[in-house]
Structure formats: C-alpha cells, structure tokens
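> What follows is the file start-v4.cif, containing mmCIF, C-alpha atoms:
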data_data
loop_
_atom_site.label_atom_id
_atom_site.label_comp_id
_atom_site.auth_asym_id
_atom_site.auth_seq_id
_atom_site.Cartn_x
_atom_site.Cartn_y
_atom_site.Cartn_z
CA MET A 1 47.69 76.15 26.94
CA ARG A 2 44.59 78.28 27.05
CA VAL A 3 46.42 81.14 25.30
CA VAL A 4 47.34 78.78 22.44
CA GLU A 5 43.73 77.72 22.08
CA VAL A 6 42.52 81.32 21.93
CA VAL A 7 45.21 82.23 19.40
CA VAL A 8 44.30 79.24 17.21
CA LEU A 9 40.62 80.18 17.40
CA VAL A 10 41.29 83.84 16.51
CA VAL A 11 43.55 82.85 13.60
CA LEU A 12 40.91 80.40 12.35
CA VAL A 13 38.15 83.02 12.47
CA LEU A 14 40.29 85.71 10.85
CA THR A 15 41.47 83.34 8.09
CA LEU A 16 37.92 82.29 7.32
CA GLY A 17 36.88 85.95 7.25
CA LEU A 18 39.76 86.77 4.89
CA LEU A 19 38.87 83.83 2.62
CA ILE A 20 35.25 84.94 2.46
CA THR A 21 36.33 88.52 1.73
CA VAL A 22 38.68 87.40 -1.07
CA GLY A 23 36.16 84.96 -2.55
CA PHE A 24 33.24 87.34 -2.07
CA GLU A 25 31.88 87.03 -5.58
CA TYR A 26 31.73 83.22 -5.45
CA ILE A 27 29.80 83.09 -2.18
CA MET A 28 27.29 85.89 -2.62
CA PRO A 29 24.34 84.89 -4.79
CA SER A 30 24.21 86.66 -8.12
CA SER A 31 21.39 89.04 -8.89
CA VAL A 32 20.52 87.09 -12.05
CA VAL A 33 17.85 84.42 -11.53
CA ARG A 34 18.78 81.07 -13.04
CA PRO A 35 16.32 79.35 -15.44
CA LEU A 36 15.44 76.64 -12.91
CA ALA A 37 14.66 79.21 -10.21
CA GLU A 38 12.71 81.18 -12.79
CA PHE A 39 10.55 78.13 -13.52
CA TYR A 40 9.97 77.52 -9.81
CA LEU A 41 8.99 81.13 -9.17
CA TYR A 42 6.72 81.09 -12.23
CA ALA A 43 5.04 77.83 -11.24
CA THR A 44 4.72 78.39 -7.49
CA TYR A 45 1.67 80.65 -7.60
CA ASN A 46 0.07 80.90 -10.99
CA PRO A 47 -3.69 81.30 -10.81
CA TYR A 48 -4.04 82.60 -14.38
CA LYS A 49 -2.81 79.50 -16.20
CA LEU A 50 -4.08 76.68 -14.05
CA ASN A 51 -3.71 74.19 -16.88
CA GLU A 52 0.07 74.51 -16.76
CA TYR A 53 2.32 73.51 -13.90
CA THR A 54 1.55 75.32 -10.66
CA ALA A 55 1.42 74.59 -6.94
CA MET A 56 -0.96 77.47 -6.14
CA SER A 57 1.01 78.41 -3.01
CA PRO A 58 2.58 81.84 -2.40
CA GLU A 59 5.34 80.17 -0.36
CA ALA A 60 8.02 78.88 -2.75
CA VAL A 61 9.88 76.80 -0.13
CA THR A 62 6.83 74.78 0.93
CA ALA A 63 5.83 74.35 -2.72
CA ILE A 64 9.26 72.92 -3.51
CA VAL A 65 9.41 70.78 -0.37
CA TRP A 66 5.96 69.18 -0.60
CA ASP A 67 4.98 69.51 -4.27
CA PHE A 68 7.85 69.79 -6.74
CA ARG A 69 10.11 67.50 -4.69
CA GLY A 70 7.49 65.77 -2.53
CA LEU A 71 9.05 62.31 -2.83
CA ASP A 72 12.30 63.64 -1.30
CA THR A 73 10.39 64.92 1.70
CA LEU A 74 8.49 61.65 2.04
CA PHE A 75 11.78 59.75 2.31
CA GLU A 76 13.17 62.30 4.78
CA THR A 77 10.05 61.79 6.90
CA SER A 78 10.49 58.01 6.75
CA VAL A 79 14.14 58.33 7.85
CA PHE A 80 13.00 60.29 10.92
CA TYR A 81 10.40 57.67 11.79
CA LEU A 82 12.77 54.76 11.22
CA ALA A 83 15.16 56.37 13.74
CA LEU A 84 12.25 56.77 16.18
CA ILE A 85 11.17 53.14 15.67
CA ALA A 86 14.74 52.01 16.36
CA GLY A 87 14.72 54.03 19.61
CA LEU A 88 11.37 52.52 20.62
CA ALA A 89 12.64 49.01 19.85
CA LEU A 90 15.65 49.57 22.10
CA THR A 91 13.43 50.55 25.05
CA ARG A 92 10.48 48.25 24.37
CA ARG A 93 10.65 46.68 27.84
CA LEU A 94 10.20 50.11 29.42
CA LEU A 95 7.00 50.95 27.59
CA SER A 96 4.70 49.64 30.33
CA GLU A 97 3.21 52.82 31.74
CA HIS A 98 2.94 52.80 35.48
CA ALA A 99 1.95 56.17 36.89
CA GLU A 100 2.03 55.71 40.65
CA LYS A 101 3.05 58.94 42.28
CA PRO A 102 4.03 62.01 40.27
CA GLY A 103 7.19 63.77 41.37
CA TYR A 104 7.08 67.09 43.15
CA GLY A 105 8.30 69.10 40.16
CA LEU A 106 9.28 72.74 40.38
CA SER A 107 7.66 75.53 42.42
CA LEU A 108 4.04 76.72 42.20
CA ILE A 109 5.08 79.89 40.32
CA VAL A 110 6.79 77.91 37.56
CA LYS A 111 3.87 75.50 37.33
CA THR A 112 1.33 78.34 37.00
CA VAL A 113 3.41 80.08 34.33
CA THR A 114 3.67 76.76 32.47
CA ARG A 115 -0.11 76.32 32.64
CA ILE A 116 -0.55 79.79 31.11
CA THR A 117 2.06 79.37 28.37
CA ALA A 118 1.04 75.82 27.40
CA PRO A 119 -1.91 76.86 25.17
CA MET A 120 0.23 79.61 23.65
CA ILE A 121 2.89 77.08 22.59
CA ILE A 122 0.24 74.92 20.94
CA VAL A 123 -1.35 77.89 19.18
CA VAL A 124 2.00 79.14 17.84
CA GLY A 125 2.91 75.64 16.62
CA ALA A 126 -0.46 75.09 14.96
CA SER A 127 -0.26 78.53 13.35
CA ILE A 128 3.21 77.84 11.94
CA ALA A 129 2.08 74.47 10.57
CA LEU A 130 -1.34 75.42 9.21
CA HIS A 131 -0.03 78.61 7.54
CA GLY A 132 2.89 76.67 6.07
CA HIS A 133 1.64 77.25 2.51
CA LEU A 134 1.36 81.04 3.07
CA THR A 135 4.28 82.03 5.33
CA PRO A 136 7.65 80.51 6.22
CA GLY A 137 7.18 77.36 8.24
CA GLY A 138 5.46 74.04 7.74
CA GLY A 139 4.56 70.75 9.31
CA PHE A 140 7.95 69.87 10.75
CA GLN A 141 8.52 73.33 12.19
CA GLY A 142 5.07 73.53 13.77
CA GLY A 143 5.29 69.97 15.07
CA SER A 144 8.62 70.54 16.75
CA VAL A 145 7.32 73.76 18.35
CA ILE A 146 4.39 71.79 19.79
CA ALA A 147 6.79 69.03 20.94
CA VAL A 148 8.49 71.58 23.20
CA LEU A 149 5.38 71.48 25.41
CA PRO A 150 5.66 67.85 26.66
CA MET A 151 9.36 68.55 27.20
CA VAL A 152 8.56 71.58 29.39
CA ILE A 153 5.83 69.64 31.25
CA ILE A 154 8.25 66.77 31.94
CA VAL A 155 10.79 69.21 33.39
CA VAL A 156 8.34 71.39 35.34
CA PHE A 157 5.90 68.69 36.54
CA SER A 158 7.14 65.14 35.88
CA ALA A 159 6.84 62.32 33.34
CA SER A 160 4.26 60.56 35.53
CA PHE A 161 2.13 63.73 35.52
CA LEU A 162 2.06 63.59 31.72
CA ILE A 163 0.98 59.94 31.78
CA MET A 164 -1.65 60.59 34.47
CA LYS A 165 -3.11 63.31 32.24
CA GLY A 166 -3.57 60.67 29.53
CA LEU A 167 -0.62 61.50 27.28
CA THR A 168 0.65 57.90 27.22
CA THR A 169 3.14 56.55 24.71
CA SER A 170 0.61 54.14 23.21
CA LYS A 171 -1.79 57.01 22.46
CA MET A 172 1.08 59.04 21.01
CA ILE A 173 2.02 56.09 18.78
CA VAL A 174 -1.59 56.00 17.52
CA VAL A 175 -1.48 59.77 16.74
CA ARG A 176 1.87 59.38 15.00
CA SER A 177 0.62 56.45 12.91
CA LEU A 178 -2.53 58.37 11.94
CA GLY A 179 -0.32 61.28 10.85
CA LEU A 180 1.84 58.99 8.72
CA PHE A 181 -1.27 57.33 7.27
CA GLY A 182 -2.66 60.78 6.40
CA ILE A 183 0.56 61.76 4.62
CA GLY A 184 0.46 58.54 2.57
CA LEU A 185 -3.23 58.93 1.80
CA THR A 186 -2.81 62.57 0.70
CA ALA A 187 -0.03 61.50 -1.64
CA ILE A 188 -2.24 59.00 -3.50
CA THR A 189 -5.66 60.70 -3.22
CA LEU A 190 -5.65 62.04 -6.78
CA LEU A 191 -4.39 58.69 -8.08
CA LEU A 192 -7.36 56.94 -6.45
CA VAL A 193 -9.77 59.56 -7.82
CA SER A 194 -8.39 59.13 -11.32
CA LEU A 195 -8.61 55.33 -11.02
CA VAL A 196 -12.30 55.68 -10.14
CA GLN A 197 -12.87 58.10 -13.03
CA GLY A 198 -10.78 56.02 -15.41
CA THR A 199 -8.44 58.94 -16.23
CA HIS A 200 -4.74 59.53 -15.72
CA ALA A 201 -2.94 61.06 -12.69
CA TYR A 202 0.37 60.97 -10.84
CA VAL A 203 1.39 60.05 -7.32
CA PHE A 204 2.06 63.27 -5.37
CA GLN A 205 0.04 65.28 -7.86
CA ASN A 206 -1.33 68.54 -6.53
CA MET A 207 -2.93 70.71 -9.22
CA ILE A 208 -4.05 70.15 -12.80
CA LYS A 209 -1.20 69.22 -15.14
CA PRO A 210 -1.33 69.36 -18.96
CA ASP A 211 -1.67 65.55 -19.16
CA ALA A 212 -3.58 64.87 -15.93
CA GLN A 213 -6.87 66.68 -15.57
CA VAL A 214 -7.67 65.99 -11.90
CA SER A 215 -6.94 68.55 -9.22
CA MET A 216 -6.99 69.06 -5.46
CA PRO A 217 -9.17 71.97 -4.23
CA VAL A 218 -7.33 75.28 -4.36
CA ASP A 219 -9.33 76.81 -1.51
CA ILE A 220 -11.98 75.90 1.05
CA ALA A 221 -14.72 78.56 1.18
CA GLY A 222 -12.36 81.20 -0.16
CA ALA A 223 -9.43 80.37 2.15
CA LEU A 224 -6.40 79.30 0.13
CA ILE A 225 -5.17 75.80 1.10
CA SER A 226 -3.02 75.05 -1.97
CA GLY A 227 -4.38 71.53 -2.46
CA THR A 228 -2.17 68.86 -0.91
CA LEU A 229 0.23 71.26 0.83
CA TRP A 230 -2.15 72.12 3.68
CA PHE A 231 -2.99 68.45 4.32
CA PHE A 232 0.68 67.43 4.24
CA ASN A 233 1.54 70.16 6.76
CA LEU A 234 -1.37 69.19 9.02
CA PHE A 235 -0.52 65.48 9.14
CA GLU A 236 3.21 66.13 9.41
CA MET A 237 2.56 68.40 12.40
CA PHE A 238 0.68 65.64 14.26
CA ALA A 239 3.24 63.01 13.35
CA VAL A 240 6.29 65.08 14.34
CA ALA A 241 4.79 66.37 17.61
CA ALA A 242 3.73 62.84 18.64
CA GLY A 243 7.08 61.37 17.59
CA PHE A 244 9.17 63.79 19.66
CA SER A 245 6.81 63.37 22.65
CA ILE A 246 7.27 59.58 22.53
CA ALA A 247 11.04 60.04 22.55
CA PHE A 248 10.94 62.26 25.68
CA ILE A 249 8.49 60.11 27.63
CA VAL A 250 10.48 56.96 26.87
CA LEU A 251 13.72 58.67 27.92
CA MET A 252 12.25 59.78 31.25
CA LEU A 253 10.55 56.42 31.94
CA ALA A 254 13.78 54.59 31.19
CA ARG A 255 15.43 56.64 33.88
CA THR A 256 12.76 55.85 36.48
CA LEU A 257 12.96 52.10 35.85
CA GLN A 258 16.74 52.10 35.98
CA THR A 259 16.81 53.82 39.35
CA GLU A 260 14.22 51.33 40.65
CA GLU A 261 16.31 48.36 39.55
CA ARG A 262 19.46 49.73 41.15
CA MET B 1 20.07 101.01 0.71
CA LEU B 2 23.83 100.47 0.76
CA LEU B 3 23.94 101.55 4.39
CA GLY B 4 21.21 99.03 5.21
CA GLU B 5 23.05 96.20 3.45
CA THR B 6 26.31 97.10 5.14
CA GLY B 7 24.52 97.21 8.47
CA VAL B 8 23.09 93.73 7.91
CA TYR B 9 26.52 92.35 6.99
CA LEU B 10 28.08 94.01 10.05
CA LEU B 11 25.37 92.54 12.26
CA MET B 12 26.04 89.11 10.72
CA ALA B 13 29.77 89.49 11.43
CA VAL B 14 29.16 90.44 15.07
CA VAL B 15 26.67 87.61 15.57
CA SER B 16 29.08 85.10 14.00
CA LEU B 17 31.91 86.25 16.27
CA ILE B 18 29.75 85.95 19.40
CA SER B 19 28.59 82.50 18.32
CA THR B 20 32.23 81.41 17.87
CA LEU B 21 32.88 82.64 21.38
CA ALA B 22 29.88 80.66 22.63
CA VAL B 23 31.21 77.50 20.95
CA TYR B 24 34.60 78.04 22.64
CA MET B 25 32.93 78.50 26.03
CA ALA B 26 30.80 75.38 25.49
CA VAL B 27 33.86 73.28 24.65
CA ARG B 28 35.96 74.65 27.54
CA GLU B 29 33.26 74.50 30.21
CA ARG B 30 33.66 71.64 32.72
CA ASP B 31 30.11 72.03 34.06
CA LEU B 32 28.04 70.23 31.41
CA VAL B 33 24.82 72.06 32.30
CA LYS B 34 26.51 75.40 31.58
CA ALA B 35 27.98 73.91 28.39
CA VAL B 36 24.47 73.02 27.21
CA ILE B 37 23.35 76.59 27.89
CA TYR B 38 26.29 78.00 25.90
CA SER B 39 25.40 75.62 23.08
CA ALA B 40 21.79 76.86 23.14
CA LEU B 41 23.11 80.45 23.01
CA GLN B 42 25.16 79.57 19.93
CA SER B 43 22.06 78.01 18.32
CA GLY B 44 20.04 81.13 19.04
CA LEU B 45 22.69 83.28 17.36
CA TYR B 46 22.69 80.90 14.38
CA THR B 47 18.94 81.42 14.12
CA THR B 48 19.61 85.15 13.74
CA LEU B 49 22.09 84.35 10.97
CA TYR B 50 19.57 82.15 9.15
CA PHE B 51 17.00 84.91 9.37
CA LEU B 52 19.44 87.53 8.07
CA LEU B 53 20.46 85.18 5.22
CA LEU B 54 16.78 85.06 4.15
CA ALA B 55 16.15 81.45 5.25
CA PRO B 56 13.34 81.90 7.81
CA ASP B 57 12.14 78.33 7.23
CA ILE B 58 15.40 76.92 8.58
CA GLY B 59 15.33 79.49 11.37
CA LEU B 60 11.86 78.35 12.42
CA VAL B 61 12.95 74.73 12.63
CA TYR B 62 16.22 75.71 14.34
CA ILE B 63 14.63 77.54 17.29
CA PRO B 64 12.51 74.67 18.74
CA VAL B 65 14.97 71.91 17.87
CA ALA B 66 18.27 73.54 18.86
CA VAL B 67 17.07 75.73 21.76
CA GLY B 68 14.22 73.59 23.10
CA LEU B 69 14.51 69.90 22.25
CA ILE B 70 18.24 69.15 22.05
CA PRO B 71 19.18 70.96 25.31
CA GLY B 72 16.23 69.16 26.93
CA VAL B 73 17.45 65.74 25.81
CA LEU B 74 21.01 66.63 26.82
CA LEU B 75 19.85 67.79 30.26
CA ILE B 76 17.94 64.52 30.75
CA LEU B 77 21.06 62.57 29.77
CA ILE B 78 23.21 64.68 32.13
CA SER B 79 20.78 64.04 34.98
CA LYS B 80 21.10 60.31 34.21
CA THR B 81 24.92 60.38 34.22
CA GLU B 82 27.26 62.99 35.69
CA ARG B 83 27.23 66.76 35.75
CA TRP B 84 30.99 67.38 35.80
CA GLU B 85 33.33 66.50 32.97
CA ARG B 86 36.41 64.53 34.00
CA GLU B 87 39.91 64.77 32.53
#
Give the structure from this file in structure tokens form.

Amino acid sequence: MRVVEVVVLVVLVLTLGLLITVGFEYIMPSSVVRPLAEFYLYATYNPYKLNEYTAMSPEAVTAIVWDFRGLDTLFETSVFYLALIAGLALTRRLLSEHAEKPGYGLSLIVKTVTRITAPMIIVVGASIALHGHLTPGGGFQGGSVIAVLPMVIIVVFSASFLIMKGLTTSKMIVVRSLGLFGIGLTAITLLLVSLVQGTHAYVFQNMIKPDAQVSMPVDIAGALISGTLWFFNLFEMFAVAAGFSIAFIVLMLARTLQTEER
Amino acid sequence: MLLGETGVYLLMAVVSLISTLAVYMAVRERDLVKAVIYSALQSGLYTTLYFLLLAPDIGLVYIPVAVGLIPGVLLILISKTERWERE
C-alpha cells in the first residue's frame, strides 16, 4: 500500500516536472514589459512629474496594494475582520477575563530566552511594517510577525500570564478598532480636506492628480513616507497584530473554561 | 549569468522535491504534533521558493503565518482534542 502511494507521488511529481519543461515558454514570464506594467513602474516613483499619476513609493507592490488598488485591499481587510468578529461572536460567553493563577509554563531557560527575544520580535515586525513603502513587506506582514509574540508567550508562560500583564481581549479589541478607524480615516482624509477647501478630490487619493490638486505629504522632515501608504501600513499593523492576539487568547480561554465545566 | 540562473532553477527543483516529501510525511504521520512540524517545514521551503521567484512580499507574510501562527493554532487544537490519529 505504501509502495503504491510512493509510486503515485513520484509519477505525479515527474509528470508535473515534464509538463512544466514542455510548456516552459508559457510559464516563464517574458522579458518584454507589458503596457500596464510599464504604466505601474512609471507611476510608482515619479518625483519629476508630480502633477501626473504617481504614488511616490519605491516599492511597486505596496503602491499597487494600497494606492492603485486600495479599495481591493480595504475589502480584503474587512473580510479578515468579519471572520474575526464571527469567531468572537461564537465565543462571546468566554470573554470574561478571570486571571486567577497563571500556569507553570515551560522552564526558566525558555522563559528567559523568550524575555530576550520578545522585544526583537516587536522591532522586526515594526520595521517590516513601517518600511513597507520602501522595502518588501507592509502592514499585514509586520502585524502578523508581531502577533507571533502573544502566541509564544501563551505557549511559554500561559494565557493567564498574558491577561495578568494587561493584554486583555477588551483592550485588544480597542486597539483593533482604532487601527480600523485609522485605515478608514486615512482613506477619506484628502476628501475631507477638499470639502473644507471647496475643491475636488477622490476617496483613496494619495498624491496630486491632474484633476485633483490636493496631496498627502511626500515626506516628514526629509524621510520619505509616500503619503497614505505609511499611515495605511501603520494602522494595518496595529489592527492585524491585535486581531490575531484576540484569536489566540480566546482560543486558550475557551479551553480553560471547558476543562472547568467538565 | 547563465550558470547563476541554472543554479537558481536547480535550487528551486531541489526545494520543491523536499517540500513534496514533507507533505507526504505530514499526510502519513499518525502523530499529529509531528505532522504539524512537517507541515511547517513544507511552509518554510515554500518561503524559499517565493523568495527565489522574486515575491519577497508573499514570503514575508508566509513565514509568520505558516510557520508561527497556523502551527500554533493547530497545536492548541491538538492539545484540546487528541494527539494520535485514529483509523
């Protein structure tokens, strides 16, 4: 039985490899840049013609994700939070936080190493998120790196330890809501500014466009922030990190309550 | 230049083969904790593939989610249910 499985697996892998080898030219990207990609590359970082379309960010992926196709990303974000809200609604009875006695956790060595690595995890996550407009990465990536920390703390110490340190689900929900509010506010900032000035602007507008003469700041004191992109990444980082933390804490608390009821 | 490209493609082939092996081990393993570890190994190899295919953004989101968060959630669920898979 096991031999058959291995043979099937090997045949599958070899067939796929053969298919890819035969259809090489259809899978490998061509060296010619298509017109759409050309426009994106032209518009991503274009400090010389600010009156045309540009996102003022050297990172094309973040520019596409949060500027050119920002509405897509907004809906993706809302899908993630709707799933989280559904999970919270399922466990709403378990949200009462009672931190009596923290568990023993793992050994002293593991706990000390965790204490040392905890700030490093946060720094790496914040760096990935806040440099999202310069290097690969962004709000979701940085937020999920930071969300690894509560996970590690739950495993190494315990869920009650996290709650005793003040990282309760209600506080996390506040952080997550503030992050979402920030994302929404950043999306309509220029619209509000233009309404005050009596001019014309778009939702999700970042830089000056030919028919909308309001613009987010390109840099703060010489440091490039690419207008809305930096703010989107910042708020998304808080929202994602808080969202994942809520999910873990609720999962662990649900377990404690279930064993108590048994 | 050609040697470098060929080397990258060879590395991708080797990494893909090892990841297939990891998937097989994860499916066959009866101990679910070990299966989760094999799955995390496969995700780590996929991260290498994403990086070699010039998609570091996806790689950056794949490392914390597939190596950190999903195995964590799965381990919590295993600790709530059973460690050994039954027939």
> Would you mind listing, as a ChimeraX atom specification, all residues of chain B that have at least one atom within 12 Å of chain A, where all atoms listed in the file are what counts?
/B:9,12-14,16-25,27-28,51,53-81
> Going by the chain IDs and residue numbers used in this file, which residues fall under the PyMOL selection byres ((chain B and resi 83) around 7)? Write them as a PyMOL selection string.
chain B and resi 31-33+78+81-82+84-85
> Can you measure CA of Ser160 (chain A) to CA of Lys111 (chain A) for me? One decimal in Å is fine.
15.1 Å
> Produce the centre coordinates and the three edge lengths, each in Å to one decimal, of the box along x, y and z that contains all listed atoms of region 15-23 of chain B with 8 Å added on each side, as JSON.

{"center_x": 29.8, "center_y": 82.6, "center_z": 18.3, "size_x": 22.2, "size_y": 26.1, "size_z": 24.6}
> Grab the CA of Val214 (chain A) to CA of Ile64 (chain A) distance for me, in Å with one decimal place.
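One can read the CA of Val214 (chain A) to CA of Ile64 (chain A) distance as 20.1 Å.
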> Quote the spacing between CA of Ile153 (chain A) and CA of Val124 (chain A) in Å to one decimal place.
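It comes out at 16.9 Å.
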> Using only C-alpha atoms for the distances, tell me which of A:Ile122, A:Ala242, A:Ile20, A:Val3 is nearest to Leu167 (chain A).
A:Ala242
> From the list B:Leu52, B:Gly44, B:Glu87, B:Ala26, which residue is nearest Gly7 (chain B) when using only C-alpha atoms?
B:Leu52
> Using all atoms listed in the file, which residues sit within 9 Å of Phe68 (chain A) once same-chain residues fewer than 2 positions away are excluded, as a list in words?
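Residues near the query, excluding close chain neighbours: Tyr40, Ala55, Ala63, Ile64, Val65, Trp66, Gly70, Leu71 and Phe204 of chain A.
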> Could you spell out the hits of the PyMOL selection byres ((chain A and resi 53) around 10) on the shown file, as number ranges by chain?
A: 39-40, 42-46, 49-52, 54-56, 68, 206-210
> Generate a file of the selected residues that holds C-alpha atoms, formatted as an mmCIF file, in the coordinates of the input.

data_model
loop_
_atom_site.group_PDB
_atom_site.id
_atom_site.type_symbol
_atom_site.label_atom_id
_atom_site.label_comp_id
_atom_site.auth_asym_id
_atom_site.auth_seq_id
_atom_site.Cartn_x
_atom_site.Cartn_y
_atom_site.Cartn_z
ATOM 1 C CA PHE A 39 10.550 78.130 -13.520
ATOM 2 C CA TYR A 40 9.970 77.520 -9.810
ATOM 3 C CA TYR A 42 6.720 81.090 -12.230
ATOM 4 C CA ALA A 43 5.040 77.830 -11.240
ATOM 5 C CA THR A 44 4.720 78.390 -7.490
ATOM 6 C CA TYR A 45 1.670 80.650 -7.600
ATOM 7 C CA ASN A 46 0.070 80.900 -10.990
ATOM 8 C CA LYS A 49 -2.810 79.500 -16.200
ATOM 9 C CA LEU A 50 -4.080 76.680 -14.050
ATOM 10 C CA ASN A 51 -3.710 74.190 -16.880
ATOM 11 C CA GLU A 52 0.070 74.510 -16.760
ATOM 12 C CA THR A 54 1.550 75.320 -10.660
ATOM 13 C CA ALA A 55 1.420 74.590 -6.940
ATOM 14 C CA MET A 56 -0.960 77.470 -6.140
ATOM 15 C CA PHE A 68 7.850 69.790 -6.740
ATOM 16 C CA ASN A 206 -1.330 68.540 -6.530
ATOM 17 C CA MET A 207 -2.930 70.710 -9.220
ATOM 18 C CA ILE A 208 -4.050 70.150 -12.800
ATOM 19 C CA LYS A 209 -1.200 69.220 -15.140
ATOM 20 C CA PRO A 210 -1.330 69.360 -18.960
#
> Give me region 3-27 of chain B with N, CA and C atoms filled in, as an mmCIF file, in the coordinates of the input.

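So result-v4.cif came out as:
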data_model
loop_
_atom_site.group_PDB
_atom_site.id
_atom_site.type_symbol
_atom_site.label_atom_id
_atom_site.label_comp_id
_atom_site.auth_asym_id
_atom_site.auth_seq_id
_atom_site.Cartn_x
_atom_site.Cartn_y
_atom_site.Cartn_z
ATOM 1 N N LEU B 3 23.697 101.498 2.942
ATOM 2 C CA LEU B 3 23.940 101.550 4.390
ATOM 3 C C LEU B 3 23.214 100.393 5.067
ATOM 4 N N GLY B 4 21.960 100.131 4.621
ATOM 5 C CA GLY B 4 21.210 99.030 5.210
ATOM 6 C C GLY B 4 21.896 97.700 4.985
ATOM 7 N N GLU B 5 22.361 97.459 3.741
ATOM 8 C CA GLU B 5 23.050 96.200 3.450
ATOM 9 C C GLU B 5 24.305 96.054 4.284
ATOM 10 N N THR B 6 25.091 97.143 4.346
ATOM 11 C CA THR B 6 26.310 97.100 5.140
ATOM 12 C C THR B 6 25.992 96.814 6.598
ATOM 13 N N GLY B 7 24.921 97.451 7.081
ATOM 14 C CA GLY B 7 24.520 97.210 8.470
ATOM 15 C C GLY B 7 24.180 95.757 8.707
ATOM 16 N N VAL B 8 23.451 95.144 7.754
ATOM 17 C CA VAL B 8 23.090 93.730 7.910
ATOM 18 C C VAL B 8 24.335 92.856 7.931
ATOM 19 N N TYR B 9 25.299 93.158 7.029
ATOM 20 C CA TYR B 9 26.520 92.350 6.990
ATOM 21 C C TYR B 9 27.315 92.521 8.274
ATOM 22 N N LEU B 10 27.367 93.770 8.798
ATOM 23 C CA LEU B 10 28.080 94.010 10.050
ATOM 24 C C LEU B 10 27.433 93.243 11.191
ATOM 25 N N LEU B 11 26.086 93.276 11.217
ATOM 26 C CA LEU B 11 25.370 92.540 12.260
ATOM 27 C C LEU B 11 25.686 91.055 12.167
ATOM 28 N N MET B 12 25.722 90.523 10.909
ATOM 29 C CA MET B 12 26.040 89.110 10.720
ATOM 30 C C MET B 12 27.441 88.802 11.230
ATOM 31 N N ALA B 13 28.398 89.717 10.969
ATOM 32 C CA ALA B 13 29.770 89.490 11.430
ATOM 33 C C ALA B 13 29.826 89.438 12.947
ATOM 34 N N VAL B 14 29.141 90.398 13.599
ATOM 35 C CA VAL B 14 29.160 90.440 15.070
ATOM 36 C C VAL B 14 28.525 89.176 15.639
ATOM 37 N N VAL B 15 27.367 88.796 15.076
ATOM 38 C CA VAL B 15 26.670 87.610 15.570
ATOM 39 C C VAL B 15 27.532 86.361 15.392
ATOM 40 N N SER B 16 28.224 86.260 14.230
ATOM 41 C CA SER B 16 29.080 85.100 14.000
ATOM 42 C C SER B 16 30.203 85.050 15.024
ATOM 43 N N LEU B 17 30.808 86.223 15.313
ATOM 44 C CA LEU B 17 31.910 86.250 16.270
ATOM 45 C C LEU B 17 31.425 85.816 17.656
ATOM 46 N N ILE B 18 30.263 86.328 18.077
ATOM 47 C CA ILE B 18 29.750 85.950 19.400
ATOM 48 C C ILE B 18 29.442 84.454 19.442
ATOM 49 N N SER B 19 28.913 83.922 18.319
ATOM 50 C CA SER B 19 28.590 82.500 18.320
ATOM 51 C C SER B 19 29.855 81.661 18.404
ATOM 52 N N THR B 20 30.958 82.130 17.745
ATOM 53 C CA THR B 20 32.230 81.410 17.870
ATOM 54 C C THR B 20 32.686 81.396 19.325
ATOM 55 N N LEU B 21 32.519 82.538 19.964
ATOM 56 C CA LEU B 21 32.880 82.640 21.380
ATOM 57 C C LEU B 21 32.049 81.656 22.212
ATOM 58 N N ALA B 22 30.749 81.569 21.886
ATOM 59 C CA ALA B 22 29.880 80.660 22.630
ATOM 60 C C ALA B 22 30.313 79.209 22.435
ATOM 61 N N VAL B 23 30.730 78.866 21.207
ATOM 62 C CA VAL B 23 31.210 77.500 20.950
ATOM 63 C C VAL B 23 32.446 77.225 21.800
ATOM 64 N N TYR B 24 33.377 78.209 21.846
ATOM 65 C CA TYR B 24 34.600 78.040 22.640
ATOM 66 C C TYR B 24 34.247 77.824 24.106
ATOM 67 N N MET B 25 33.324 78.644 24.630
ATOM 68 C CA MET B 25 32.930 78.500 26.030
ATOM 69 C C MET B 25 32.296 77.133 26.277
ATOM 70 N N ALA B 26 31.471 76.675 25.308
ATOM 71 C CA ALA B 26 30.800 75.380 25.490
ATOM 72 C C ALA B 26 31.811 74.255 25.516
ATOM 73 N N VAL B 27 32.864 74.355 24.673
ATOM 74 C CA VAL B 27 33.860 73.280 24.650
ATOM 75 C C VAL B 27 34.703 73.318 25.910
#
